Amino acid sequence: MAEKAEKQNQSRLWTILAGIGLFLMSKLKWVFGLLKLGKFATLISMFISMGAYAVFYGWKFAVAIVYLIFVHEMGHLVAAKQKGIKTSPAIFIPFMGAAIGMKEMPKNAKDEAYIAYAGPLFGLMSFLPAVFLYESTGQPFWGLVIFLGAMINLFNLFPVSPLDGGRIVGVLSTKIWFVGLLIVIPYLFLSPDPIIFLVFLFGIMTWWKRVREDFEHKKTELTLEAFEAEQQKLSHIQQELNEYRDMPNFSHIIGTYIEDVRVAKNRLKDSVPTGFTFPILQDKKKIEKHKIIVELEMLNNRERFLKTLREEFEKDRNKREALAQAYHESDPEGIATLPVLPDFNTAAYFEAYEKSLLAEKAETKKVYDQQKNYYVSNMKTKIVVLALYLLLAGVLSAFVVYGNHLMDINRFLIS
């Protein structure tokens with residue numbers, strides 16, 4: 001009897017861990033971002049996933065886990081819609097949970113926390129009916145639903161990104177992510193588990209990305225400075241070419257500017273730092289390399305523009321010469337008047353190129369401003385988020401204790 005009870009306890013444990021693992025894998029939305037199915041994708045994939053779970057865990061567990069994941073993901077979807085963020089349909093993938101991809105990032109951490117919070121909140125509501133059903137019927141299955149639902153959503157509130165909890169506390173301070181990672185480290189050794197390892201791995205990646213944001217901002221600032229410098233250089237070139245526009249060797253003059261660009265490119269290529277650079281320790285070298293690469297990109301763009309300008313000028317010149325030749329052949333005595341063609345409009349080409357530069361610069365500035373201010377929140381917002389986070393975590397913790405009690409008293413009836 002004791003051996004049988006032990007096996008049942010192990011079965012229950014693996015069932016719970018499997019549910020958590022499947023749900024955690026559902027957070028890897030980027031893996032499934034390319035999946036684009038029809039409007040019935042959610043329903044079809046749900047039944048396929050349910051069938052796969054049923055083969056290994058039985059149909060009751062299959063229905064429960066799919067239901068719990070579905071309601072949780074619908075919480076994210078509803079919140080995203082309220083924030084005006086377009087999403088893909090929920091796609092269930094057997095043994096990997098479900099995926100709802102956001103087609104754009106939230107405007108700030110506050111909106112991201114709102115969307116993240118909705119998942120566990122809906123998850124809480126998803127198993128509340130099971131409380132009534134268990135108290136009414138005493139069926140052990142409803143106890144399993146309560147425990148599994150509470151455990152999944154409480155686990156997902158752990159303050160490590162990309163779990164929902166990490167995305168919520170990001171409003172308070174992303175330094176909390178590091179504290180969460182420190183808490184996870186002992187479990188990696190005391191209770192090795194692939195799920196914990198995945199949480200730690202993705203948590204480290206997200207935390208490191210946040211730590212390096214100031215460095216990335218510096219790179220973006222250098223890019224914006226390069227745009228400014230290119231605009232000034234473009235204005236200078238335009239002024240000089242306007243003085244030479246009527247000269248017969250105008251095409252050759254443009255060629256000299258193209259040659260200047262090539263010389264500058266070769267000089268920069270020779271000065272690009274090579275070899276591996278250690279983050280933080282050699283950031284100065286990395287910044288220098290980024291600055292050179294951006295300048296090379298600007299020179300490449302300028303070279304393409306000047307080549308286009310020269311080609312268009314030569315086409316215009318050839319057109320004029322062909323027209324003059326045709327008139328001369330048809331009217332050798334020069335009786336007819338040669339039509340006057342408009343001057344080659346160099347300004348139009350410069351304006352088009354400058355417009356493209358300004359558009360790219362504006363987009364870069366927009367992304368820079370959003371990223372730089374993404375985690376900026378006022379004190380009122382932080383207090384509200386903290387209170388709601390602790391409240392939800394407390395309620396889910398109480399249901400975990402309650403559900404665990406139900407599992408214990410029914411451990412011989414749940415297989």
# chains A, B, ... in the order shown; residues from 1 in each chain; ligands from 1

$ residues_around --residues "A:Leu121" --least-positions-apart "4" --cutoff "8 Å" --atoms "only C-alpha atoms" --output "count of residues only"
5

$ atom_distance --atom1 "atom CA of A:Lys209" --atom2 "atom CA of A:Tyr114"
21.5 Å

$ select_by_dssp --residues "stretch 176-378 of chain A" --states "helix (DSSP H, G or I)" --output "count of residues only"
162

$ residues_around --residues "stretch 132-143 of chain A" --least-positions-apart "2" --cutoff "8 Å" --atoms "only C-alpha atoms" --output "NGL selection string"
:A and (60 or 128-130 or 145-147 or 403 or 406-407 or 410 or 413-414)

$ closest_residue --among "A:Ile93, A:Met50, A:Ile195, A:Ala118" --to "A:Val78" --atoms "only C-alpha atoms"
A:Ala118

$ residues_around --residues "A:Lys107" --least-positions-apart "2" --cutoff "7 Å" --atoms "only C-alpha atoms" --output "NGL selection string"
:A and (105 or 111 or 370)

$ write_last_selection --atoms "all heavy atoms" --output "mmCIF file, in the first residue's frame"
data_model
loop_
_atom_site.group_PDB
_atom_site.id
_atom_site.type_symbol
_atom_site.label_atom_id
_atom_site.label_comp_id
_atom_site.auth_asym_id
_atom_site.auth_seq_id
_atom_site.Cartn_x
_atom_site.Cartn_y
_atom_site.Cartn_z
ATOM 1 N N MET A 105 5.180 46.150 -29.604
ATOM 2 C CA MET A 105 5.486 46.213 -28.178
ATOM 3 C C MET A 105 4.622 47.275 -27.495
ATOM 4 O O MET A 105 4.211 48.254 -28.122
ATOM 5 C CB MET A 105 6.958 46.554 -27.981
ATOM 6 C CG MET A 105 7.891 45.401 -28.292
ATOM 7 S SD MET A 105 7.617 43.981 -27.220
ATOM 8 C CE MET A 105 8.069 44.664 -25.625
ATOM 9 N N ASP A 111 2.022 49.744 -19.371
ATOM 10 C CA ASP A 111 1.116 48.986 -20.232
ATOM 11 C C ASP A 111 1.503 47.514 -20.271
ATOM 12 O O ASP A 111 0.640 46.629 -20.299
ATOM 13 C CB ASP A 111 1.126 49.563 -21.651
ATOM 14 C CG ASP A 111 0.411 50.894 -21.749
ATOM 15 O OD1 ASP A 111 -0.213 51.305 -20.753
ATOM 16 O OD2 ASP A 111 0.494 51.544 -22.810
ATOM 17 N N GLN A 370 11.362 56.036 -26.795
ATOM 18 C CA GLN A 370 10.492 55.034 -26.171
ATOM 19 C C GLN A 370 11.294 54.103 -25.266
ATOM 20 O O GLN A 370 10.876 53.812 -24.141
ATOM 21 C CB GLN A 370 9.761 54.218 -27.233
ATOM 22 C CG GLN A 370 8.794 53.182 -26.645
ATOM 23 C CD GLN A 370 8.043 52.423 -27.714
ATOM 24 O OE1 GLN A 370 8.223 52.643 -28.892
ATOM 25 N NE2 GLN A 370 7.183 51.505 -27.294
#

$ residues_around --residues "A:Leu391" --least-positions-apart "2" --cutoff "12 Å" --atoms "only C-alpha atoms" --output "VMD selection string"
chain A and resid 117 120 to 121 124 154 157 384 to 389 393 to 398

$ write_last_selection --atoms "C-alpha atoms" --output "PDB file, in the first residue's frame"
ATOM      1  CA  TYR A 117      -1.205  41.135 -14.794  1.00  0.00           C
ATOM      2  CA  PRO A 120      -2.751  35.521 -13.635  1.00  0.00           C
ATOM      3  CA  LEU A 121      -5.885  37.536 -12.779  1.00  0.00           C
ATOM      4  CA  LEU A 124      -7.419  33.082 -10.727  1.00  0.00           C
ATOM      5  CA  LEU A 154       1.437  31.802  -8.648  1.00  0.00           C
ATOM      6  CA  LEU A 157       4.051  35.656 -10.715  1.00  0.00           C
ATOM      7  CA  VAL A 384      -0.747  50.741  -7.144  1.00  0.00           C
ATOM      8  CA  VAL A 385       1.182  48.069  -9.082  1.00  0.00           C
ATOM      9  CA  LEU A 386       2.921  46.834  -5.918  1.00  0.00           C
ATOM     10  CA  ALA A 387      -0.361  46.611  -4.001  1.00  0.00           C
ATOM     11  CA  LEU A 388      -2.134  44.733  -6.785  1.00  0.00           C
ATOM     12  CA  TYR A 389       0.811  42.406  -7.283  1.00  0.00           C
ATOM     13  CA  ALA A 393       0.141  36.760  -5.081  1.00  0.00           C
ATOM     14  CA  GLY A 394      -1.387  36.493  -1.608  1.00  0.00           C
ATOM     15  CA  VAL A 395      -4.725  35.220  -2.883  1.00  0.00           C
ATOM     16  CA  LEU A 396      -3.057  32.667  -5.166  1.00  0.00           C
ATOM     17  CA  SER A 397      -0.799  31.534  -2.292  1.00  0.00           C
ATOM     18  CA  ALA A 398      -3.852  30.913  -0.137  1.00  0.00           C
TER      19      ALA A 398
END

$ residues_around --residues "A:Glu314" --least-positions-apart "6" --cutoff "12 Å" --atoms "only C-alpha atoms" --output "VMD selection string"
chain A and resid 248 to 252 254 to 255 307 to 308 320 to 322 344

$ atom_distance --atom1 "atom CA of A:Trp207" --atom2 "atom CA of A:Leu181"
9.0 Å

$ closest_residue --among "A:His328, A:Ile280, A:Phe178, A:Ile69" --to "A:Asp214" --atoms "only C-alpha atoms"
A:Ile280
